[in-house]
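Structure file upload26.pdb; described as PDB, C-alpha atoms and all ligand atoms.
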```
MODEL        1
ATOM      1  CA  MET D   1     -10.667  -5.094 -20.740
ATOM      2  CA  GLN D   2      -7.767  -7.103 -22.083
ATOM      3  CA  THR D   3      -5.704  -9.319 -19.735
ATOM      4  CA  VAL D   4      -2.074  -9.912 -20.707
ATOM      5  CA  THR D   5       0.384 -12.257 -19.032
ATOM      6  CA  THR D   6       3.555 -11.792 -21.104
ATOM      7  CA  LEU D   7       5.833  -8.782 -21.420
ATOM      8  CA  ASP D   8       5.688  -8.881 -25.220
ATOM      9  CA  LEU D   9       1.903  -8.564 -25.213
ATOM     10  CA  LEU D  10       2.038  -5.901 -22.506
ATOM     11  CA  ARG D  11       4.372  -3.770 -24.625
ATOM     12  CA  THR D  12       2.178  -4.125 -27.727
ATOM     13  CA  SER D  13      -0.966  -3.308 -25.767
ATOM     14  CA  THR D  14       0.429  -0.306 -23.881
ATOM     15  CA  ALA D  15       1.864   1.083 -27.149
ATOM     16  CA  ALA D  16      -1.633   0.855 -28.683
ATOM     17  CA  LEU D  17      -3.156   2.624 -25.648
ATOM     18  CA  ARG D  18      -0.582   5.396 -25.912
ATOM     19  CA  ALA D  19      -1.433   6.118 -29.590
ATOM     20  CA  GLY D  20      -2.153   9.766 -30.290
ATOM     21  CA  GLY D  21      -0.489  10.852 -27.046
ATOM     22  CA  ALA D  22      -3.028   9.271 -24.661
ATOM     23  CA  THR D  23      -1.885   8.950 -21.042
ATOM     24  CA  ILE D  24      -1.748   5.830 -18.869
ATOM     25  CA  GLY D  25      -2.434   5.590 -15.126
ATOM     26  CA  LEU D  26      -1.039   2.488 -13.427
ATOM     27  CA  VAL D  27      -2.700   0.861 -10.407
ATOM     28  CA  PRO D  28      -0.382  -1.846  -9.028
ATOM     29  CA  THR D  29      -2.129  -4.457  -6.834
ATOM     30  CA  MET D  30      -1.752  -7.981  -5.544
ATOM     31  CA  GLY D  31      -5.391  -8.737  -6.356
ATOM     32  CA  ALA D  32      -8.137  -9.720  -3.858
ATOM     33  CA  LEU D  33      -9.603  -6.363  -4.841
ATOM     34  CA  HIS D  34     -11.953  -4.330  -2.642
ATOM     35  CA  GLN D  35     -13.417  -0.818  -2.718
ATOM     36  CA  GLY D  36     -10.050   0.643  -1.681
ATOM     37  CA  HIS D  37      -8.441  -0.663  -4.888
ATOM     38  CA  LEU D  38     -11.407   0.466  -6.996
ATOM     39  CA  THR D  39     -10.993   3.969  -5.568
ATOM     40  CA  LEU D  40      -7.433   3.912  -6.941
ATOM     41  CA  VAL D  41      -8.771   2.833 -10.348
ATOM     42  CA  ARG D  42     -11.316   5.673 -10.300
ATOM     43  CA  ALA D  43      -8.605   8.196  -9.354
ATOM     44  CA  ALA D  44      -6.470   6.905 -12.245
ATOM     45  CA  ARG D  45      -9.425   7.094 -14.626
ATOM     46  CA  ASP D  46     -10.121  10.692 -13.607
ATOM     47  CA  ALA D  47      -6.512  11.754 -14.129
ATOM     48  CA  CYS D  48      -5.468   9.703 -17.194
ATOM     49  CA  ASP D  49      -6.918   8.585 -20.540
ATOM     50  CA  HIS D  50      -6.455   4.866 -19.812
ATOM     51  CA  VAL D  51      -6.050   2.739 -16.685
ATOM     52  CA  VAL D  52      -3.685  -0.224 -16.564
ATOM     53  CA  ALA D  53      -4.000  -2.347 -13.411
ATOM     54  CA  SER D  54      -1.554  -5.032 -12.400
ATOM     55  CA  ILE D  55      -2.249  -8.101 -10.311
ATOM     56  CA  PHE D  56       0.847  -9.902  -9.113
ATOM     57  CA  VAL D  57       1.221 -11.629  -5.747
ATOM     58  CA  ASN D  58       4.858 -10.706  -5.367
ATOM     59  CA  PRO D  59       6.809 -13.491  -3.634
ATOM     60  CA  THR D  60       9.825 -11.295  -2.860
ATOM     61  CA  GLN D  61       7.864  -9.111  -0.437
ATOM     62  CA  PHE D  62       6.787 -12.088   1.703
ATOM     63  CA  GLY D  63       9.081 -13.250   4.519
ATOM     64  CA  PRO D  64       9.884 -16.915   5.163
ATOM     65  CA  ASN D  65       7.299 -17.048   7.978
ATOM     66  CA  GLU D  66       4.589 -15.225   6.013
ATOM     67  CA  ASP D  67       2.230 -17.482   4.159
ATOM     68  CA  LEU D  68       2.564 -16.516   0.506
ATOM     69  CA  ASP D  69       0.507 -19.549  -0.538
ATOM     70  CA  ALA D  70      -2.411 -18.499   1.679
ATOM     71  CA  TYR D  71      -2.623 -15.003   0.110
ATOM     72  CA  PRO D  72      -6.113 -14.768  -1.476
ATOM     73  CA  ARG D  73      -6.191 -15.247  -5.246
ATOM     74  CA  GLN D  74      -9.460 -14.550  -7.135
ATOM     75  CA  LEU D  75      -8.520 -13.531 -10.656
ATOM     76  CA  ALA D  76     -11.960 -13.952 -12.285
ATOM     77  CA  GLU D  77     -13.668 -11.860  -9.589
ATOM     78  CA  ASP D  78     -10.937  -9.204  -9.791
ATOM     79  CA  GLN D  79     -11.213  -9.063 -13.588
ATOM     80  CA  ALA D  80     -14.972  -8.483 -13.323
ATOM     81  CA  MET D  81     -14.452  -5.672 -10.802
ATOM     82  CA  LEU D  82     -11.838  -3.977 -13.002
ATOM     83  CA  GLU D  83     -14.068  -4.315 -16.082
ATOM     84  CA  GLY D  84     -16.844  -2.632 -14.099
ATOM     85  CA  GLU D  85     -14.503   0.319 -13.501
ATOM     86  CA  ARG D  86     -13.603   0.559 -17.203
ATOM     87  CA  CYS D  87      -9.999  -0.477 -16.682
ATOM     88  CA  ALA D  88      -8.414  -0.814 -20.149
ATOM     89  CA  LEU D  89      -5.757  -3.430 -19.497
ATOM     90  CA  LEU D  90      -4.847  -5.921 -16.789
ATOM     91  CA  TRP D  91      -1.197  -6.944 -16.478
ATOM     92  CA  ALA D  92      -1.168 -10.284 -14.678
ATOM     93  CA  PRO D  93       2.279 -11.827 -15.132
ATOM     94  CA  THR D  94       3.335 -15.205 -13.801
ATOM     95  CA  VAL D  95       6.177 -15.415 -11.282
ATOM     96  CA  GLU D  96       8.415 -16.811 -14.067
ATOM     97  CA  GLU D  97       7.615 -13.839 -16.323
ATOM     98  CA  MET D  98       8.379 -11.332 -13.557
ATOM     99  CA  TYR D  99      11.432 -13.115 -12.147
ATOM    100  CA  PRO D 100      12.929 -15.214 -14.947
ATOM    101  CA  GLU D 101      15.610 -17.801 -14.236
ATOM    102  CA  GLY D 102      18.771 -16.030 -13.058
ATOM    103  CA  PHE D 103      17.012 -12.903 -11.754
ATOM    104  CA  ALA D 104      19.543 -11.409  -9.313
ATOM    105  CA  SER D 105      18.730  -7.739  -8.617
ATOM    106  CA  SER D 106      17.128  -6.007  -5.660
ATOM    107  CA  ILE D 107      16.398  -2.390  -4.731
ATOM    108  CA  SER D 108      16.895  -1.370  -1.127
ATOM    109  CA  VAL D 109      15.665   2.020   0.094
ATOM    110  CA  SER D 110      17.306   2.724   3.441
ATOM    111  CA  GLY D 111      15.928   5.178   6.003
ATOM    112  CA  VAL D 112      12.212   5.184   5.196
ATOM    113  CA  SER D 113      12.236   1.358   5.057
ATOM    114  CA  ASP D 114      13.946   0.859   8.403
ATOM    115  CA  ASN D 115      11.251   1.400  11.049
ATOM    116  CA  PHE D 116       7.669   0.224  11.521
ATOM    117  CA  CYS D 117       6.695  -2.520   9.035
ATOM    118  CA  GLY D 118      10.295  -2.589   7.772
ATOM    119  CA  ALA D 119      11.542  -3.558  11.250
ATOM    120  CA  ALA D 120       8.874  -6.253  11.671
ATOM    121  CA  ARG D 121       9.207  -7.580   8.110
ATOM    122  CA  PRO D 122      12.893  -7.473   7.087
ATOM    123  CA  SER D 123      13.392  -7.306   3.286
ATOM    124  CA  HIS D 124       9.644  -6.703   2.707
ATOM    125  CA  PHE D 125      10.233  -3.214   1.295
ATOM    126  CA  ASP D 126      13.163  -4.416  -0.854
ATOM    127  CA  GLY D 127      10.650  -6.755  -2.502
ATOM    128  CA  VAL D 128       8.085  -3.967  -2.884
ATOM    129  CA  ALA D 129      10.601  -1.441  -4.288
ATOM    130  CA  THR D 130      12.033  -3.982  -6.742
ATOM    131  CA  VAL D 131       8.683  -5.103  -8.131
ATOM    132  CA  VAL D 132       7.284  -1.544  -8.325
ATOM    133  CA  CYS D 133      10.411  -0.382 -10.192
ATOM    134  CA  LYS D 134       9.913  -3.288 -12.614
ATOM    135  CA  LEU D 135       6.208  -2.422 -13.013
ATOM    136  CA  PHE D 136       7.118   1.207 -13.787
ATOM    137  CA  ASN D 137       9.641   0.065 -16.406
ATOM    138  CA  GLN D 138       7.259  -2.502 -17.885
ATOM    139  CA  VAL D 139       4.141  -0.329 -18.140
ATOM    140  CA  GLN D 140       5.836   3.112 -18.391
ATOM    141  CA  PRO D 141       2.809   4.902 -16.964
ATOM    142  CA  ASP D 142       2.361   8.661 -16.853
ATOM    143  CA  MET D 143       1.019   8.401 -13.311
ATOM    144  CA  ALA D 144       0.927   5.648 -10.688
ATOM    145  CA  PHE D 145      -1.643   5.349  -7.890
ATOM    146  CA  PHE D 146      -1.106   3.862  -4.418
ATOM    147  CA  GLY D 147      -3.255   3.830  -1.281
ATOM    148  CA  GLU D 148      -2.205   5.975   1.673
ATOM    149  CA  LYS D 149      -3.287   2.999   3.808
ATOM    150  CA  ASP D 150       0.211   1.583   3.221
ATOM    151  CA  PHE D 151       1.795   4.895   4.143
ATOM    152  CA  GLN D 152       5.317   3.543   4.608
ATOM    153  CA  GLN D 153       5.110   1.717   1.275
ATOM    154  CA  LEU D 154       4.114   4.984  -0.411
ATOM    155  CA  ALA D 155       7.076   6.782   1.228
ATOM    156  CA  VAL D 156       9.453   4.011   0.107
ATOM    157  CA  ILE D 157       8.153   4.143  -3.494
ATOM    158  CA  ARG D 158       8.370   7.943  -3.636
ATOM    159  CA  THR D 159      11.931   7.880  -2.306
ATOM    160  CA  MET D 160      12.946   5.142  -4.761
ATOM    161  CA  ALA D 161      11.352   6.956  -7.708
ATOM    162  CA  ARG D 162      13.149  10.183  -6.783
ATOM    163  CA  ASP D 163      16.520   8.527  -6.122
ATOM    164  CA  LEU D 164      16.488   6.392  -9.279
ATOM    165  CA  ASP D 165      15.131   9.150 -11.546
ATOM    166  CA  LEU D 166      11.922   7.252 -12.216
ATOM    167  CA  THR D 167       9.947  10.471 -11.764
ATOM    168  CA  ALA D 168       9.024  13.032 -14.452
ATOM    169  CA  PRO D 169       9.183  12.751 -17.391
ATOM    170  CA  ARG D 170       9.021   8.947 -16.966
ATOM    171  CA  VAL D 171       6.442   8.570 -14.196
ATOM    172  CA  GLU D 172       5.117  12.083 -14.035
ATOM    173  CA  ALA D 173       3.487  11.648 -10.671
ATOM    174  CA  ILE D 174       3.064   9.144  -7.888
ATOM    175  CA  ILE D 175      -0.331   9.775  -6.382
ATOM    176  CA  GLY D 176      -1.248   8.792  -2.815
ATOM    177  CA  VAL D 177      -4.996   8.174  -2.538
ATOM    178  CA  PRO D 178      -6.664   8.603   0.898
ATOM    179  CA  THR D 179      -7.607   5.424   2.769
ATOM    180  CA  VAL D 180     -11.095   4.063   2.128
ATOM    181  CA  ARG D 181     -12.892   3.067   5.336
ATOM    182  CA  GLU D 182     -15.801   0.841   6.308
ATOM    183  CA  PRO D 183     -18.810   2.681   7.828
ATOM    184  CA  ASP D 184     -17.416   2.032  11.357
ATOM    185  CA  GLY D 185     -14.058   3.543  10.388
ATOM    186  CA  LEU D 186     -11.960   0.396   9.898
ATOM    187  CA  ALA D 187      -9.577   0.851   6.972
ATOM    188  CA  MET D 188     -10.452  -1.465   4.075
ATOM    189  CA  SER D 189      -7.924  -4.247   3.631
ATOM    190  CA  SER D 190      -7.742  -7.641   1.954
ATOM    191  CA  ARG D 191      -6.881  -8.935   5.441
ATOM    192  CA  ASN D 192     -10.202  -7.892   7.032
ATOM    193  CA  ARG D 193     -11.746 -11.053   5.562
ATOM    194  CA  TYR D 194      -9.688 -13.122   8.029
ATOM    195  CA  LEU D 195     -11.385 -11.516  11.080
ATOM    196  CA  SER D 196     -14.085 -13.439  12.978
ATOM    197  CA  SER D 197     -17.266 -11.404  13.608
ATOM    198  CA  GLU D 198     -16.153 -10.807  17.206
ATOM    199  CA  HIS D 199     -12.704  -9.609  16.137
ATOM    200  CA  ARG D 200     -14.175  -7.595  13.265
ATOM    201  CA  ALA D 201     -16.354  -5.667  15.749
ATOM    202  CA  ALA D 202     -13.394  -5.067  18.086
ATOM    203  CA  ALA D 203     -11.159  -4.006  15.163
ATOM    204  CA  ALA D 204     -13.141  -0.766  14.807
ATOM    205  CA  THR D 205     -11.511   0.352  18.073
ATOM    206  CA  LEU D 206      -8.325   0.931  16.079
ATOM    207  CA  PRO D 207      -9.390   4.001  14.033
ATOM    208  CA  ASN D 208     -11.446   5.381  16.930
ATOM    209  CA  ALA D 209      -8.590   5.079  19.447
ATOM    210  CA  MET D 210      -6.214   6.615  16.887
ATOM    211  CA  ARG D 211      -8.530   9.600  16.412
ATOM    212  CA  GLU D 212      -8.671  10.107  20.188
ATOM    213  CA  ALA D 213      -4.870   9.940  20.458
ATOM    214  CA  ILE D 214      -4.513  12.451  17.614
ATOM    215  CA  ALA D 215      -6.921  14.874  19.301
ATOM    216  CA  ARG D 216      -4.858  14.612  22.508
ATOM    217  CA  ILE D 217      -1.537  15.152  20.714
ATOM    218  CA  GLU D 218      -2.959  18.111  18.782
ATOM    219  CA  ASP D 219      -4.172  19.517  22.119
ATOM    220  CA  GLY D 220      -0.606  19.359  23.424
ATOM    221  CA  ASP D 221      -0.664  16.171  25.524
ATOM    222  CA  GLU D 222       2.667  14.416  25.988
ATOM    223  CA  VAL D 223       3.223  12.144  22.949
ATOM    224  CA  ARG D 224       4.748   9.071  24.666
ATOM    225  CA  GLU D 225       2.022   9.029  27.363
ATOM    226  CA  THR D 226      -0.681   9.382  24.720
ATOM    227  CA  LEU D 227       0.771   6.546  22.632
ATOM    228  CA  ALA D 228       0.942   4.326  25.744
ATOM    229  CA  ALA D 229      -2.738   5.094  26.434
ATOM    230  CA  LEU D 230      -3.547   4.233  22.799
ATOM    231  CA  GLU D 231      -1.805   0.866  23.161
ATOM    232  CA  ASP D 232      -3.687   0.173  26.425
ATOM    233  CA  ALA D 233      -7.005   1.008  24.745
ATOM    234  CA  LEU D 234      -6.279  -1.448  21.908
ATOM    235  CA  LEU D 235      -5.139  -4.233  24.233
ATOM    236  CA  GLY D 236      -8.249  -3.609  26.382
ATOM    237  CA  ALA D 237     -10.473  -3.915  23.295
ATOM    238  CA  GLY D 238      -9.133  -7.357  22.343
ATOM    239  CA  PHE D 239      -5.985  -6.722  20.298
ATOM    240  CA  SER D 240      -3.364  -9.271  21.339
ATOM    241  CA  GLN D 241      -0.193  -7.396  20.332
ATOM    242  CA  ILE D 242       0.808  -3.897  19.280
ATOM    243  CA  ASP D 243       3.705  -4.045  16.806
ATOM    244  CA  TYR D 244       4.037  -0.262  16.855
ATOM    245  CA  ALA D 245       2.072   2.870  17.664
ATOM    246  CA  GLU D 246       4.248   5.845  16.760
ATOM    247  CA  LEU D 247       4.190   9.467  15.717
ATOM    248  CA  ALA D 248       6.466  10.042  12.717
ATOM    249  CA  ASP D 249       7.556  12.737  10.313
ATOM    250  CA  ALA D 250       5.263  12.246   7.303
ATOM    251  CA  ARG D 251       8.090  12.455   4.754
ATOM    252  CA  SER D 252      11.166  10.824   6.333
ATOM    253  CA  LEU D 253       9.155   8.557   8.670
ATOM    254  CA  ALA D 254      11.624   9.417  11.461
ATOM    255  CA  LYS D 255       9.993   8.784  14.851
ATOM    256  CA  LEU D 256       8.874  11.909  16.713
ATOM    257  CA  ASP D 257       8.416  12.544  20.450
ATOM    258  CA  ALA D 258       6.691  15.864  19.805
ATOM    259  CA  LEU D 259       5.054  17.703  16.922
ATOM    260  CA  GLY D 260       7.692  19.569  14.917
ATOM    261  CA  ALA D 261       7.661  21.938  11.952
ATOM    262  CA  GLY D 262       6.825  19.346   9.253
ATOM    263  CA  ASP D 263       3.722  17.224   8.664
ATOM    264  CA  ALA D 264       3.296  14.346  11.108
ATOM    265  CA  ARG D 265       1.554  10.988  10.886
ATOM    266  CA  LEU D 266       0.309   8.529  13.486
ATOM    267  CA  LEU D 267       1.156   4.964  12.381
ATOM    268  CA  VAL D 268      -0.123   1.803  14.058
ATOM    269  CA  ALA D 269       0.221  -1.936  13.435
ATOM    270  CA  ALA D 270      -1.615  -4.253  15.800
ATOM    271  CA  ARG D 271      -2.657  -7.894  15.833
ATOM    272  CA  ILE D 272      -6.126  -9.216  16.542
ATOM    273  CA  GLY D 273      -7.083 -12.897  16.304
ATOM    274  CA  GLY D 274      -3.914 -13.659  14.348
ATOM    275  CA  THR D 275      -4.526 -10.890  11.783
ATOM    276  CA  ARG D 276      -2.136  -7.954  11.569
ATOM    277  CA  LEU D 277      -3.924  -4.666  10.862
ATOM    278  CA  ILE D 278      -2.207  -1.405   9.942
ATOM    279  CA  ASP D 279      -3.579   2.120   9.850
ATOM    280  CA  ASN D 280      -2.263   5.681   9.743
ATOM    281  CA  MET D 281      -3.708   9.171  10.018
ATOM    282  CA  ALA D 282      -2.462  12.738   9.589
ATOM    283  CA  VAL D 283      -1.695  14.747  12.716
ATOM    284  CA  SER D 284      -2.018  18.523  12.431
ATOM    285  CA  GLN D 285       0.155  21.160  14.008
ATOM    286  CA  ARG D 286      -1.195  22.780  17.131
ATOM    287  CA  ALA D 287      -3.136  25.960  16.237
TER
HETATM  288  O1  LIG J 301       0.292  -2.692  -2.031
HETATM  289  C1  LIG J 301       0.390  -3.717  -2.725
HETATM  290  O2  LIG J 301      -0.599  -4.348  -3.083
HETATM  291  C2  LIG J 301       1.776  -4.230  -3.113
HETATM  292  O3  LIG J 301       2.687  -4.027  -2.104
HETATM  293  C3  LIG J 301       2.268  -3.643  -4.454
HETATM  294  C4  LIG J 301       2.464  -2.138  -4.376
HETATM  295  C5  LIG J 301       1.297  -3.983  -5.558
HETATM  296  C6  LIG J 301       3.631  -4.257  -4.804
HETATM  297  O4  LIG J 301       3.565  -5.656  -4.900
ENDMDL
END
```

Now that the file is in, can you turn its structure into structure tokens?
Ligand code: PAF
Amino acid sequence: MQTVTTLDLLRTSTAALRAGGATIGLVPTMGALHQGHLTLVRAARDACDHVVASIFVNPTQFGPNEDLDAYPRQLAEDQAMLEGERCALLWAPTVEEMYPEGFASSISVSGVSDNFCGAARPSHFDGVATVVCKLFNQVQPDMAFFGEKDFQQLAVIRTMARDLDLTAPRVEAIIGVPTVREPDGLAMSSRNRYLSSEHRAAAATLPNAMREAIARIEDGDEVRETLAALEDALLGAGFSQIDYAELADARSLAKLDALGAGDARLLVAARIGGTRLIDNMAVSQRA
């Protein structure tokens, strides 16, 4: 696997990969890779001739009170993991390469960005949309792969790609890959490493309580009451704060008080021992 840190080298290397009409699958990441990321690489490898991964801890998606400097950085370990998955190319630009002196543009995707993590982290999704648009333009992949774990992020990227005509024939498809979970059900995340063993054990309540709430909603229980019970269960298990626990339309991310005609999603963000965990799961229509 080749690692490139300048746009000039990236362009030369991606052109070489594309020779003879070969396709490229892009896996954008911020590094600190775990099995969830490697699942994205495998999905890209299955669907495309070559995989290009990016590692860039994007400063514009961190708020002033979020510790950008503390975000885990482990390039050598990440490179070894990507090599093991037969990734062809790693794009690892510096901040100066990504945002040169005088950089002044930003992409804002209203609607899908407004609620949930967008409400708690103002301008976070502007930073995500801007850097992902740049990554699409830089790498020009045939397909791009994102985890469903960050469900709102995926919705924001899909909306941006549609609105700005970044979709076919430029990025033929944006693929959402199902969340990879630990054996006890906790969604894999770079943030799980911050949990103490006590908090790590309690964190498994999150997926289990979500599954119970989903079963109740699918059985026809009142949505608001069920969500309140879900919050109580999490607080009782040791979570200190629930940022949100909401049922939403899976496409628009509009909040729902009842199951409607479209697909629905349960989305939760909750804090335990200073770590903010997010998770989401599909909710089916009542039979
Ligand atoms: O999900 C992430 O790791 C980041 O938000 C992304 C998509 C790589 C953009 O910086």

Shell of 9 Å around ligand LIG 301 (chain J) (all atoms listed in the file), written as an MDAnalysis selection string
chainID D and resid 27:31 37 54:61 124:125 127:132 135 146:147 149:150 153:154 157

Option closest in space to Glu218 in chain D, from D:Leu9, D:Ala264, D:Ala22, D:Val51 [counting all atoms listed in the file]:
D:Ala264

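Our summary of the geometry notes that CA of Ser123 in chain D is positioned 18.8 Å from CA of Leu164 in chain D.
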
The PyMOL selection byres (((chain D and resi 152) around 12) and not hetatm) resolved against shown file, as a PyMOL selection string:
chain D and resi 109+111-119+124-125+128-129+146-151+153-159+176+248-254+265-269+278-281

Taking all listed atoms of range 236-241 of chain D, build the axis-aligned box, pad each of the six sides by 4 Å, then write its centre and edge lengths in Å to one decimal as AutoDock Vina command-line options.
```
--center_x -5.3 --center_y -6.4 --center_z 23.3 --size_x 18.3 --size_y 13.7 --size_z 14.1
```

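Closest approach to Met210 in chain D among D:Thr226, D:Ser196, D:Thr3, D:Gln285: D:Thr226, based on all atoms listed in the file.
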
Selection dump of the PyMOL selection byres (((chain D and resi 90) around 10) and not hetatm), as a PyMOL selection string:
chain D and resi 1-5+10+26-28+51-55+78-79+82-83+87-89+91-93

Given the PyMOL selection byres (((chain D and resi 182) around 12) and not hetatm) and the file above, list the residues it selects as an NGL selection string.
:D and (34-36 or 179-181 or 183-189 or 192 or 200-201 or 203-204 or 207)

Gap from CA of Ser190 in chain D to CA of Leu247 in chain D - Å, one decimal
25.0 Å

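Coordinates place CA of Arg191 in chain D at a distance of 16.4 Å from CA of Arg121 in chain D.
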
Of the candidates D:Glu96, D:Glu172, D:Glu85, D:Glu222, which one gets nearest to Ala43 in chain D if we count all atoms listed in the file?
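The shortest atom-to-atom distance to Ala43 in chain D comes from D:Glu85.
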
Test item: residues at most 10 Å from Ala168 in chain D, only C-alpha atoms, excluding those fewer than 6 positions along its chain, as a PyMOL selection string:
chain D and resi 142-143+161-162+174
